[in-house]
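Peer 1: The structure file input16.cif (mmCIF, C-alpha atoms and all ligand atoms) is provided below.
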```cif
data_structure
#
loop_
_atom_site.label_atom_id
_atom_site.label_comp_id
_atom_site.auth_asym_id
_atom_site.auth_seq_id
_atom_site.Cartn_x
_atom_site.Cartn_y
_atom_site.Cartn_z
CA MET A 10 0.00 0.00 0.00
CA VAL A 11 1.37 3.45 -0.98
CA LYS A 12 1.79 5.68 2.07
CA ASN A 13 -0.84 8.46 2.25
CA PHE A 14 -2.59 7.12 -0.83
CA ASN A 15 -5.96 8.39 0.51
CA ILE A 16 -4.62 11.94 0.44
CA ILE A 17 -3.11 11.45 -3.03
CA LYS A 18 -6.43 10.14 -4.28
CA ALA A 19 -8.38 13.03 -2.71
CA LEU A 20 -5.98 15.50 -4.37
CA CYS A 21 -6.46 13.81 -7.74
CA ARG A 22 -10.22 13.80 -7.33
CA SER A 23 -10.38 17.47 -6.53
CA ALA A 24 -8.04 18.31 -9.42
CA LEU A 25 -10.25 16.29 -11.76
CA SER A 26 -13.36 18.18 -10.70
CA ASN A 27 -12.05 20.87 -13.05
CA PRO A 28 -9.88 18.86 -15.43
CA SER A 29 -7.41 20.39 -17.86
CA ASP A 30 -5.21 18.44 -20.28
CA ALA A 31 -2.20 19.05 -18.00
CA ILE A 32 -4.01 17.63 -14.93
CA ILE A 33 -5.14 14.53 -16.82
CA HIS A 34 -1.62 14.04 -18.20
CA GLN A 35 0.00 14.23 -14.74
CA ILE A 36 -2.53 11.90 -13.10
CA THR A 37 -2.07 9.42 -15.95
CA ARG A 38 1.72 9.58 -15.36
CA LEU A 39 1.18 8.91 -11.65
CA ARG A 40 -1.11 5.99 -12.44
CA ASP A 41 1.47 4.50 -14.86
CA SER A 42 4.24 4.88 -12.31
CA PHE A 43 2.14 3.03 -9.64
CA GLU A 44 1.48 0.33 -12.21
CA ASN A 45 5.21 -0.01 -13.01
CA ASP A 46 6.11 -0.15 -9.31
CA GLY A 47 3.63 -2.97 -8.75
CA TYR A 48 0.96 -0.93 -6.94
CA SER A 49 -1.80 -2.22 -9.16
CA LYS A 50 -4.65 -1.57 -6.68
CA GLU A 51 -3.71 2.13 -6.46
CA ALA A 52 -3.19 2.30 -10.25
CA LYS A 53 -6.66 0.86 -10.77
CA SER A 54 -8.14 3.36 -8.35
CA LEU A 55 -6.64 6.26 -10.34
CA THR A 56 -7.78 4.68 -13.62
CA ASN A 57 -11.33 4.70 -12.21
CA LEU A 58 -11.03 8.35 -11.23
CA LEU A 59 -9.77 9.26 -14.70
CA SER A 60 -12.55 7.42 -16.46
CA THR A 61 -15.28 8.88 -14.18
CA SER A 62 -13.95 12.35 -14.88
CA LYS A 63 -13.98 11.65 -18.63
CA ALA A 64 -17.56 10.36 -18.44
CA ASN A 65 -18.64 13.46 -16.47
CA ALA A 66 -16.96 15.72 -19.00
CA GLU A 67 -18.78 13.97 -21.82
CA MET A 68 -22.12 14.18 -20.03
CA SER A 69 -21.87 17.83 -19.05
CA PRO A 70 -23.25 20.28 -21.58
CA SER A 71 -20.77 21.39 -24.19
CA ARG A 72 -21.29 24.99 -23.10
CA LEU A 73 -19.74 24.19 -19.75
CA GLU A 74 -16.74 22.48 -21.16
CA LYS A 75 -16.13 25.25 -23.59
CA SER A 76 -16.49 28.05 -21.10
CA PHE A 77 -13.24 29.98 -20.89
CA VAL A 78 -14.23 30.90 -17.36
CA ASN A 79 -14.27 27.23 -16.57
CA LYS A 80 -10.62 26.80 -17.39
CA ILE A 81 -9.29 29.44 -15.08
CA ALA A 82 -11.65 29.29 -12.12
CA GLU A 83 -12.48 26.78 -9.40
CA GLU A 84 -15.78 24.92 -9.23
CA ILE A 85 -18.21 25.81 -6.47
CA THR A 86 -19.41 22.82 -4.47
CA ALA A 87 -21.79 22.45 -1.53
CA LYS A 88 -18.69 22.56 0.70
CA THR A 89 -17.29 25.82 -0.65
CA VAL A 90 -16.84 28.24 2.22
CA LEU A 91 -18.77 31.46 1.70
CA PRO A 92 -17.27 34.87 2.49
CA VAL A 93 -18.75 36.50 5.61
CA ASP A 94 -18.94 39.91 7.21
CA LYS A 95 -16.09 39.93 9.69
CA GLU A 96 -18.00 41.79 12.41
CA THR A 97 -21.27 39.86 12.33
CA SER A 98 -20.30 36.62 10.52
CA THR A 99 -23.33 37.08 8.22
CA PRO A 100 -22.66 35.41 4.85
CA LEU A 101 -22.15 37.90 2.03
CA ALA A 102 -23.75 35.59 -0.50
CA GLU A 103 -25.91 32.57 -1.05
CA ILE A 104 -25.24 29.90 -3.66
CA PHE A 105 -27.87 28.49 -5.98
CA PHE A 106 -26.98 25.36 -7.90
CA ASN A 107 -28.50 24.40 -11.22
CA SER A 108 -31.24 22.22 -9.71
CA GLU A 109 -32.42 25.14 -7.54
CA LEU A 110 -32.83 27.55 -10.46
CA PRO A 111 -36.04 28.08 -12.47
CA GLU A 112 -36.67 25.60 -15.27
CA ARG A 113 -38.59 28.04 -17.41
CA MET A 114 -37.92 31.47 -18.74
CA PRO A 115 -40.48 34.03 -17.58
CA LEU A 116 -42.99 34.86 -20.28
CA PHE A 117 -42.12 37.95 -22.28
CA ASP A 118 -42.91 39.39 -25.67
CA GLU A 119 -41.03 37.77 -28.50
CA ASN A 120 -38.54 40.59 -29.04
CA ILE A 121 -37.48 40.50 -25.37
CA GLN A 122 -37.17 36.72 -25.45
CA TYR A 123 -35.09 36.98 -28.58
CA GLY A 124 -32.76 39.53 -26.97
CA ILE A 125 -32.29 37.39 -23.86
CA LYS A 126 -31.59 34.25 -25.85
CA SER A 127 -28.98 36.05 -27.90
CA VAL A 128 -27.09 36.99 -24.69
CA ILE A 129 -27.13 33.38 -23.53
CA ASN A 130 -26.12 32.17 -26.95
CA GLU A 131 -22.97 34.26 -26.82
CA TRP A 132 -21.95 32.31 -23.73
CA ILE A 133 -22.89 28.95 -25.12
CA GLN A 134 -20.96 29.56 -28.31
CA PHE A 135 -18.21 31.76 -27.01
CA ASP A 136 -15.49 29.57 -28.51
CA LYS A 137 -16.68 30.82 -31.89
CA LEU A 138 -16.30 34.36 -30.59
CA LEU A 139 -12.82 33.60 -29.31
CA GLU A 140 -11.80 32.53 -32.81
CA ILE A 141 -12.32 36.10 -33.94
CA ASP A 142 -10.79 37.53 -30.78
CA ALA A 143 -14.11 38.57 -29.23
CA THR A 144 -15.61 37.68 -25.88
CA PRO A 145 -19.26 37.48 -24.81
CA ALA A 146 -20.92 40.38 -23.06
CA SER A 147 -19.93 39.89 -19.44
CA SER A 148 -22.48 41.97 -17.56
CA CYS A 149 -26.15 42.72 -17.78
CA LEU A 150 -28.31 45.18 -15.89
CA ILE A 151 -31.95 44.12 -15.70
CA TYR A 152 -34.32 46.87 -14.64
CA GLY A 153 -38.03 47.64 -14.63
CA VAL A 154 -41.02 48.05 -12.34
CA PRO A 155 -41.53 45.62 -9.43
CA GLY A 156 -42.93 42.16 -10.02
CA THR A 157 -42.12 41.87 -13.72
CA GLY A 158 -40.02 38.71 -13.35
CA LYS A 159 -36.53 40.27 -13.21
CA THR A 160 -35.15 38.11 -10.42
CA HIS A 161 -36.74 35.03 -11.97
CA LEU A 162 -35.15 35.98 -15.32
CA ALA A 163 -31.70 36.55 -13.80
CA LYS A 164 -31.77 33.10 -12.19
CA TRP A 165 -33.01 31.46 -15.37
CA ILE A 166 -30.21 33.07 -17.42
CA SER A 167 -27.72 31.61 -14.94
CA LYS A 168 -29.31 28.21 -15.29
CA GLU A 169 -28.97 28.40 -19.06
CA ILE A 170 -25.35 29.47 -18.88
CA GLY A 171 -24.93 26.34 -16.80
CA ILE A 172 -22.98 27.54 -13.77
CA PRO A 173 -24.04 28.17 -10.14
CA VAL A 174 -25.28 31.58 -9.02
CA VAL A 175 -23.62 33.56 -6.28
CA LEU A 176 -26.46 35.77 -5.04
CA ALA A 177 -25.22 38.75 -3.04
CA ARG A 178 -26.94 39.08 0.35
CA LEU A 179 -27.55 42.71 1.08
CA GLU A 180 -28.02 42.21 4.81
CA GLY A 181 -24.55 40.71 4.91
CA LEU A 182 -22.91 43.25 2.62
CA MET A 183 -24.27 46.43 4.16
CA SER A 184 -22.67 47.34 7.42
CA SER A 185 -23.07 50.30 9.72
CA PHE A 186 -19.32 50.23 10.42
CA LEU A 187 -17.35 52.75 8.44
CA GLY A 188 -15.50 51.15 5.54
CA THR A 189 -16.91 47.67 6.18
CA THR A 190 -19.45 47.72 3.34
CA SER A 191 -16.66 48.50 0.85
CA ARG A 192 -14.53 45.72 2.27
CA ASN A 193 -17.44 43.29 2.07
CA ILE A 194 -18.08 44.19 -1.55
CA GLY A 195 -14.39 43.65 -2.31
CA ASN A 196 -14.49 40.24 -0.62
CA LEU A 197 -17.66 39.24 -2.44
CA PHE A 198 -16.15 40.05 -5.84
CA ALA A 199 -12.87 38.33 -4.94
CA PHE A 200 -14.92 35.21 -4.14
CA ALA A 201 -16.93 35.46 -7.38
CA ASN A 202 -13.76 35.99 -9.43
CA ARG A 203 -12.16 32.92 -7.90
CA TYR A 204 -15.02 30.59 -8.75
CA ASN A 205 -16.84 29.69 -11.90
CA CYS A 206 -20.19 31.39 -11.32
CA VAL A 207 -22.70 34.00 -12.28
CA LEU A 208 -22.64 36.87 -9.79
CA LEU A 209 -26.15 38.12 -9.15
CA LEU A 210 -26.57 41.51 -7.50
CA ASP A 211 -30.30 41.72 -6.82
CA GLU A 212 -31.82 44.97 -5.48
CA PHE A 213 -28.62 46.46 -6.84
CA ASP A 214 -29.64 50.08 -6.20
CA ALA A 215 -29.06 49.57 -2.47
CA ILE A 216 -25.31 49.57 -3.04
CA ALA A 217 -25.01 51.48 -6.33
CA LYS A 218 -26.73 54.73 -5.36
CA LEU A 219 -25.83 58.04 -6.89
CA ARG A 220 -22.66 59.41 -5.41
CA ASN A 221 -24.00 62.96 -5.47
CA ASP A 222 -27.09 62.22 -3.39
CA PRO A 223 -27.02 65.08 -0.83
CA ASN A 224 -28.61 62.84 1.78
CA GLU A 225 -25.73 60.45 1.73
CA VAL A 226 -22.31 60.94 3.25
CA GLY A 227 -18.81 59.98 2.14
CA GLU A 228 -19.41 56.29 2.79
CA VAL A 229 -21.71 56.04 -0.24
CA LYS A 230 -19.02 57.53 -2.47
CA ARG A 231 -16.53 55.02 -1.14
CA VAL A 232 -18.93 52.14 -1.69
CA VAL A 233 -19.73 53.17 -5.26
CA ASN A 234 -16.05 53.67 -6.09
CA THR A 235 -15.28 50.21 -4.75
CA LEU A 236 -18.15 48.79 -6.76
CA LEU A 237 -16.83 50.42 -9.94
CA GLN A 238 -13.39 48.91 -9.40
CA CYS A 239 -14.91 45.53 -8.58
CA LEU A 240 -17.08 45.54 -11.70
CA ASP A 241 -13.96 46.32 -13.74
CA SER A 242 -12.06 43.51 -12.01
CA ARG A 243 -14.71 41.03 -13.06
CA ARG A 244 -14.23 41.49 -16.79
CA GLY A 245 -13.23 38.21 -18.36
CA LYS A 246 -13.88 36.31 -15.12
CA GLY A 247 -17.58 35.50 -15.43
CA PHE A 248 -21.04 36.86 -15.99
CA THR A 249 -22.44 39.52 -13.65
CA ILE A 250 -26.11 40.43 -13.46
CA GLY A 251 -27.40 43.51 -11.65
CA VAL A 252 -31.14 43.77 -10.98
CA THR A 253 -33.01 46.86 -9.85
CA ASN A 254 -36.42 48.48 -9.87
CA HIS A 255 -34.97 51.88 -8.97
CA GLN A 256 -32.82 52.43 -12.02
CA GLY A 257 -33.04 56.20 -11.55
CA LEU A 258 -31.03 55.88 -8.34
CA LEU A 259 -28.06 54.20 -10.01
CA ASP A 260 -24.86 56.13 -10.42
CA PRO A 261 -24.25 56.93 -14.13
CA ALA A 262 -20.77 55.42 -13.96
CA ILE A 263 -22.33 52.15 -12.77
CA TRP A 264 -24.71 52.20 -15.74
CA ARG A 265 -21.78 52.44 -18.12
CA ARG A 266 -20.09 49.37 -16.62
CA PHE A 267 -22.89 47.08 -17.84
CA ASP A 268 -22.44 45.73 -21.37
CA ILE A 269 -26.16 45.06 -21.63
CA GLN A 270 -28.93 47.16 -20.14
CA MET A 271 -32.27 45.46 -20.44
CA GLU A 272 -35.58 46.97 -19.42
CA ILE A 273 -38.34 44.51 -18.54
CA PRO A 274 -41.74 46.12 -19.16
CA VAL A 275 -45.08 45.17 -17.65
CA PRO A 276 -46.66 42.35 -19.67
CA SER A 277 -48.45 43.19 -22.91
CA SER A 278 -52.06 41.95 -23.11
CA ASP A 279 -50.97 38.87 -25.10
CA VAL A 280 -48.36 37.99 -22.49
CA MET A 281 -50.82 38.67 -19.66
CA PHE A 282 -53.32 36.32 -21.32
CA ALA A 283 -50.71 33.54 -21.47
CA LEU A 284 -49.53 34.24 -17.90
CA LEU A 285 -53.05 34.03 -16.47
CA LYS A 286 -53.77 30.86 -18.39
CA ASN A 287 -50.62 29.35 -16.93
CA PHE A 288 -51.02 30.56 -13.36
CA LEU A 289 -54.69 29.48 -13.25
CA LYS A 290 -53.93 25.84 -14.08
CA PRO A 291 -55.42 23.33 -13.37
CA LEU A 292 -58.54 25.51 -13.60
CA GLU A 293 -59.63 26.15 -17.15
CA PHE A 294 -61.23 29.33 -18.39
CA LYS A 295 -62.87 30.28 -21.67
CA GLU A 296 -60.93 32.58 -23.94
CA SER A 297 -63.51 35.35 -23.39
CA GLU A 298 -63.14 35.00 -19.61
CA LEU A 299 -59.37 35.24 -19.77
CA LYS A 300 -59.72 38.28 -22.03
CA PHE A 301 -61.99 39.87 -19.42
CA LEU A 302 -59.45 39.20 -16.67
CA VAL A 303 -56.69 40.70 -18.84
CA TRP A 304 -58.84 43.82 -19.32
CA CYS A 305 -59.20 44.15 -15.54
CA ILE A 306 -55.48 43.90 -14.78
CA GLU A 307 -53.98 45.54 -17.87
CA GLY A 308 -50.86 47.52 -16.94
CA MET A 309 -50.21 45.43 -13.84
CA SER A 310 -47.21 43.12 -13.38
CA GLY A 311 -46.73 39.38 -13.80
CA ALA A 312 -46.54 39.07 -10.02
CA ASP A 313 -49.95 40.77 -9.83
CA ALA A 314 -51.31 38.24 -12.34
CA GLN A 315 -50.02 35.52 -10.02
CA THR A 316 -51.71 37.16 -7.02
CA LEU A 317 -54.99 37.43 -8.93
CA SER A 318 -54.77 33.77 -9.94
CA HIS A 319 -54.43 32.67 -6.30
CA TRP A 320 -57.33 34.95 -5.45
CA LEU A 321 -59.54 33.48 -8.19
CA LYS A 322 -58.72 29.92 -7.23
CA ARG A 323 -59.61 30.57 -3.61
CA ALA A 324 -62.82 32.40 -4.48
CA LEU A 325 -64.01 29.80 -6.99
CA VAL A 326 -63.42 26.93 -4.60
CA LEU A 327 -64.94 28.57 -1.54
CA ASP A 328 -67.92 30.17 -3.26
CA LYS A 329 -69.13 27.99 -6.10
CA ASP A 330 -72.22 30.14 -6.86
CA THR A 331 -70.32 33.32 -7.51
CA ASN A 332 -69.60 34.80 -10.94
CA LEU A 333 -66.38 36.16 -12.40
CA VAL A 334 -67.47 39.78 -12.24
CA SER A 335 -68.33 39.60 -8.53
CA ILE A 336 -64.92 38.11 -7.80
CA MET A 337 -63.18 40.80 -9.82
CA LYS A 338 -65.15 43.53 -8.09
CA ARG A 339 -64.00 42.19 -4.74
CA PHE A 340 -60.45 42.05 -6.09
CA ALA A 341 -60.75 45.68 -7.23
CA LEU A 342 -62.12 46.72 -3.86
CA LEU A 343 -59.31 45.13 -1.89
CA ASN A 344 -56.40 45.83 -4.26
CA SER A 345 -56.55 49.58 -4.71
CA GLY A 346 -52.76 49.81 -4.60
CA ARG A 347 -52.40 47.45 -7.54
CA MET A 348 -55.20 48.50 -9.87
CA ASP A 349 -55.55 51.27 -12.39
CA SER A 350 -57.83 53.75 -10.61
CA ILE A 351 -60.03 54.51 -13.65
CA LYS A 352 -60.73 50.84 -14.28
CA ARG A 353 -61.28 50.27 -10.60
CA ASN A 354 -63.89 53.06 -10.44
CA THR A 355 -65.66 51.70 -13.51
CA MET A 356 -65.78 48.21 -12.03
CA LEU A 357 -67.08 49.40 -8.69
CA HIS A 358 -69.60 51.93 -9.96
CA SER A 359 -72.57 50.24 -11.70
CA ASP A 360 -72.96 47.12 -13.80
CA GLU A 361 -74.50 49.19 -16.61
CA ASP A 362 -71.42 51.42 -16.83
CA PHE A 363 -69.11 48.48 -16.49
CA ILE A 364 -70.83 46.54 -19.30
CA SER A 365 -70.94 49.50 -21.65
CA THR A 366 -67.25 50.35 -21.01
CA LEU A 367 -66.31 46.77 -21.84
CA LEU A 368 -68.42 46.69 -25.01
CA ASN A 369 -67.01 50.02 -26.17
CA ASP A 370 -63.37 49.01 -25.70
CA LYS A 371 -62.22 48.52 -29.30
CA ASN A 372 -58.98 46.79 -28.27
CA TYR A 373 -60.88 43.88 -26.78
CA SER A 374 -64.06 43.54 -28.91
CA PHE A 375 -66.10 41.81 -26.21
CA LYS A 376 -69.39 40.23 -27.29
CA GLN A 377 -72.63 40.55 -25.33
CA LYS A 378 -73.15 36.79 -25.31
CA ASP A 379 -69.73 36.26 -23.71
CA LEU A 380 -70.14 38.96 -21.08
CA ALA A 381 -73.63 37.89 -19.95
CA PRO A 382 -72.63 34.75 -17.98
CA MET A 383 -69.73 36.59 -16.34
CA PHE A 384 -72.25 39.11 -14.94
CA GLY A 385 -74.59 36.27 -13.95
CA MET A 386 -77.18 37.28 -16.59
CA THR A 387 -78.77 35.68 -19.60
CA ALA A 388 -77.81 37.09 -23.00
CA SER A 389 -81.32 38.54 -23.45
CA SER A 390 -81.40 40.29 -20.06
CA LEU A 391 -77.99 41.83 -20.79
CA SER A 392 -79.24 42.95 -24.21
CA LYS A 393 -82.33 44.53 -22.61
CA GLN A 394 -80.20 46.36 -20.10
CA ILE A 395 -78.09 47.80 -22.90
CA SER A 396 -81.14 48.93 -24.85
CA LYS A 397 -82.45 50.65 -21.72
CA LEU A 398 -79.10 52.36 -21.25
CA LYS A 399 -79.12 53.59 -24.84
CA GLU A 400 -82.65 54.91 -24.41
CA SER A 401 -81.70 56.82 -21.28
CA GLU A 402 -78.64 58.29 -23.04
CA LYS A 403 -80.93 59.66 -25.79
CA ILE A 404 -83.10 61.48 -23.25
N1 LIG B 1 -43.29 37.62 -17.16
C1 LIG B 1 -43.40 36.69 -16.20
N2 LIG B 1 -43.43 35.37 -16.50
C2 LIG B 1 -43.56 34.43 -15.54
N3 LIG B 1 -43.63 34.70 -14.23
C3 LIG B 1 -43.59 35.99 -13.87
C4 LIG B 1 -43.47 37.05 -14.82
N4 LIG B 1 -43.46 38.23 -14.17
C5 LIG B 1 -43.55 37.92 -12.86
N5 LIG B 1 -43.62 36.58 -12.68
C6 LIG B 1 -43.73 35.88 -11.40
O1 LIG B 1 -43.98 36.84 -10.40
C7 LIG B 1 -43.21 36.59 -9.23
C8 LIG B 1 -42.29 37.75 -8.93
O2 LIG B 1 -41.28 37.80 -9.90
P1 LIG B 1 -39.82 38.37 -9.59
O3 LIG B 1 -39.51 38.22 -8.14
O4 LIG B 1 -38.88 37.80 -10.56
O5 LIG B 1 -40.10 39.91 -9.91
P2 LIG B 1 -39.08 41.13 -9.85
O6 LIG B 1 -39.22 41.85 -11.14
O7 LIG B 1 -37.74 40.66 -9.45
O8 LIG B 1 -39.74 42.00 -8.70
P3 LIG B 1 -39.02 43.06 -7.72
O9 LIG B 1 -38.60 44.20 -8.60
O10 LIG B 1 -40.12 43.45 -6.79
O11 LIG B 1 -37.89 42.37 -7.06
C9 LIG B 1 -42.43 35.32 -9.50
O12 LIG B 1 -43.13 34.22 -8.99
C10 LIG B 1 -42.39 35.25 -11.01
O13 LIG B 1 -42.25 33.95 -11.48
MG MG B 2 -36.59 40.96 -7.76
#
```
Show this structure as structure tokens.
Peer 2:
Amino acid sequence: MVKNFNIIKALCRSALSNPSDAIIHQITRLRDSFENDGYSKEAKSLTNLLSTSKANAEMSPSRLEKSFVNKIAEEITAKTVLPVDKETSTPLAEIFFNSELPERMPLFDENIQYGIKSVINEWIQFDKLLEIDATPASSCLIYGVPGTGKTHLAKWISKEIGIPVVLARLEGLMSSFLGTTSRNIGNLFAFANRYNCVLLLDEFDAIAKLRNDPNEVGEVKRVVNTLLQCLDSRRGKGFTIGVTNHQGLLDPAIWRRFDIQMEIPVPSSDVMFALLKNFLKPLEFKESELKFLVWCIEGMSGADAQTLSHWLKRALVLDKDTNLVSIMKRFALLNSGRMDSIKRNTMLHSDEDFISTLLNDKNYSFKQKDLAPMFGMTASSLSKQISKLKESEKI
């Protein structure tokens, strides 16, 4: 038995977790030398390690193998020690591995989806870019109003790139001690630069505020300057995503550091339709009903569509005799902060007004026969009500 073979084997295994040609060559040499010296059990053990590593390399997606980041950085594992704030020991980051990241891209309009896929494609095919001496965009700022799926998107992009996410933890980074926030940011970036990862800076505005904000003191300037240097240091080391819903607060110099600046808008009516259909599963709704729901929440976010879907599910299960309009009126009543105030007033005023506003909305072309059951009426009673309304308008 070779002395300390367990340690030798552990060293080989950890080297092979990120194999390069040189590492494989040296471990093969070691294996051959054990074989020649008659240590066949140890030689066999190394042969097994080499073949497992080869099999893993073949199974892992080609994008991972080809990643230039992969060749110079270490792999993050569940045992990797996270950087912490020295005063409070709070971790500065949290790691998300592939299996913990969203399977599906959030739903967006086609042009946005196309833009996002092109960013990912650069990473998947970056060897082609290298051939012409180019590198993929290495940073992306995602901004837009709350609840539009920005965090979800950032995590999904990381999943597609195929490497773990290092998500900055603001409560760990921000410190009330002078100079500590800057030091924490430096340590976080040093960690991200060492490992093969996507660095995700969610709620980014908290640390990237304008340096000339009169309400802030010198510490903010220091923090932003550190952040600028850190963002520069990350070039060529891995992908960095900043996410914010207060883009106006970001320092202009920070804006410039991001290769890609992507605004995520509130969902269009087509996207909202698809989102509601998805969120409402397994319940099924007619097309006209979904269209009505989209009308009610137009201009709101994807997160709001999710909230409404939970609301509808609860209401439909608990109160089987209710109709869609009554549920939406209750939603309007109790969600004043979410809803467009004009639509909300229309919904809560009178059924006559509500029906005529819906029928007059040219973007939706609702039909009387579709609206009637939603208001709990027959088609003829709805038609009579409209005739009455028209009569009264003439007077
Ligand atoms: N376009 C969308 N497609 C699919 N899901 C969406 C979409 N928009 C929002 N969601 C869902 O809404 C919830 C909130 O999304 P997320 O946290 O990503 O929003 P955000 O833009 O980061 O919000 P904030 O700015 O408040 O942090 C998530 O469950 C997300 O899946
Ligand atoms: Mg978010």
Peer 1: I need the residue nearest Leu139 of chain A from this list: A:Gly245, A:Gly47, A:Pro92, A:Pro111. Use all atoms listed in the file for the distance.
Peer 2: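 Using all atoms listed in the file, Leu139 of chain A sits closest to A:Gly245.
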Peer 1: Around ligand LIG 1 (chain B), which protein and nucleic acid residues have at least one atom no more than 7 Å from it, if we count only C-alpha atoms and all ligand atoms? List them as a PyMOL selection string.
Peer 2: chain A and resi 115-117+153-162+212+253-254+276+284+310-312+315
Peer 1: For atom CA of Arg243 of chain A and atom CA of Asn202 of chain A, quote the distance in Å rounded to one decimal.
Peer 2: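 According to the coordinates, atom CA of Arg243 of chain A and atom CA of Asn202 of chain A are separated by 6.3 Å.
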Peer 1: Near segment 286-298 of chain A, counting all atoms listed in the file, which residues have an atom at most 9 Å away, once you skip same-chain residues fewer than 3 positions from it, shown as a PyMOL selection string?
Peer 2: chain A and resi 281-283+301-303+314-315+318-319+321-322+333+375-376+379-380+383
Peer 1: Restricting the calculation to all atoms listed in the file: of A:Met114, A:Ile269, A:Ile133, A:Ala199, which residue gets closest to Cys149 of chain A?
Peer 2: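 Closest residue, counting all atoms listed in the file: A:Ile269.
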Peer 1: So how far away is atom CA of Thr61 of chain A from atom CA of Lys246 of chain A, in Å?
Peer 2: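 A separation of 27.5 Å between them.
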Peer 1: What gap, in Å, lies between atom CA of Ile166 of chain A and atom CA of Val207 of chain A?
Peer 2: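 These two atoms are separated by 9.1 Å.
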Peer 1: In terms of the shortest atom-to-atom distance over only C-alpha atoms and all ligand atoms, which of A:Ala146, A:Ala52, A:Ile151, A:Ala341 is closest to ligand MG 2 (chain B)?
Peer 2: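 Nearest to ligand MG 2 (chain B): A:Ile151.
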Peer 1: Just the residues within 12 Å of Leu343 of chain A, please, counting all atoms listed in the file, with nothing from its chain fewer than 6 positions along; format it as an NGL selection string.
Peer 2: :A and (317 or 320 or 336-337 or 353 or 357)
Peer 1: Keeping only C-alpha atoms, take the residues you just selected and write them out as a PDB file, in the frame of the given file.
Peer 2:
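Writing the result to out-v4.pdb gives the following:
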```
ATOM      1  CA  LEU A 317     -54.990  37.430  -8.930  1.00  0.00           C
ATOM      2  CA  TRP A 320     -57.330  34.950  -5.450  1.00  0.00           C
ATOM      3  CA  ILE A 336     -64.920  38.110  -7.800  1.00  0.00           C
ATOM      4  CA  MET A 337     -63.180  40.800  -9.820  1.00  0.00           C
ATOM      5  CA  ARG A 353     -61.280  50.270 -10.600  1.00  0.00           C
ATOM      6  CA  LEU A 357     -67.080  49.400  -8.690  1.00  0.00           C
TER       7      LEU A 357
END
```
Peer 1: Counting all atoms listed in the file, what is within 8 Å of Leu236 of chain A, bar same-chain residues fewer than 4 positions away, as a ChimeraX atom specification?
Peer 2: /A:191,194-195,217,232,240
Peer 1: Residues near Thr355 of chain A, anyone? I mean within 12 Å using only C-alpha atoms, not counting same-chain ones fewer than 3 positions away, as a list in words.
Peer 2: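 The filter keeps Trp304, Cys305, Met337, Lys338, Ala341, Leu342, Met348, Asp349, Ser350, Ile351, Lys352, His358, Ser359, Asp360, Glu361, Asp362, Phe363, Ile364, Ser365, Thr366 and Leu367 of chain A.
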Peer 1: Between A:Leu59, A:Met356, A:Val175, A:Met10, single out the one closest to Ile33 of chain A, counting only C-alpha atoms.
Peer 2: A:Leu59
Peer 1: With all atoms listed in the file as the basis for distance, which of A:His255, A:Arg203, A:Asn193, A:Leu208 is at the shortest distance from Glu96 of chain A?
Peer 2: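 Among A:His255, A:Arg203, A:Asn193, A:Leu208, it is A:Asn193 that comes nearest to Glu96 of chain A.
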Peer 1: Could you write out as lines of an AutoDock Vina configuration file the box around segment 197-208 of chain A (axis-aligned, all atoms listed in the file, 6 Å on each side), with centre and edge lengths in Å to one decimal?
Peer 2:
```
center_x = -17.4
center_y = 34.9
center_z = -7.4
size_x = 22.5
size_y = 22.4
size_z = 21.8
```
Peer 1: Quick one: everything within 8 Å of Pro173 of chain A, counting only C-alpha atoms, minus sequence neighbours fewer than 4 positions away in the same chain. Send it as an MDAnalysis selection string.
Peer 2: chainID A and resid 85 104:107 167:168 205:207
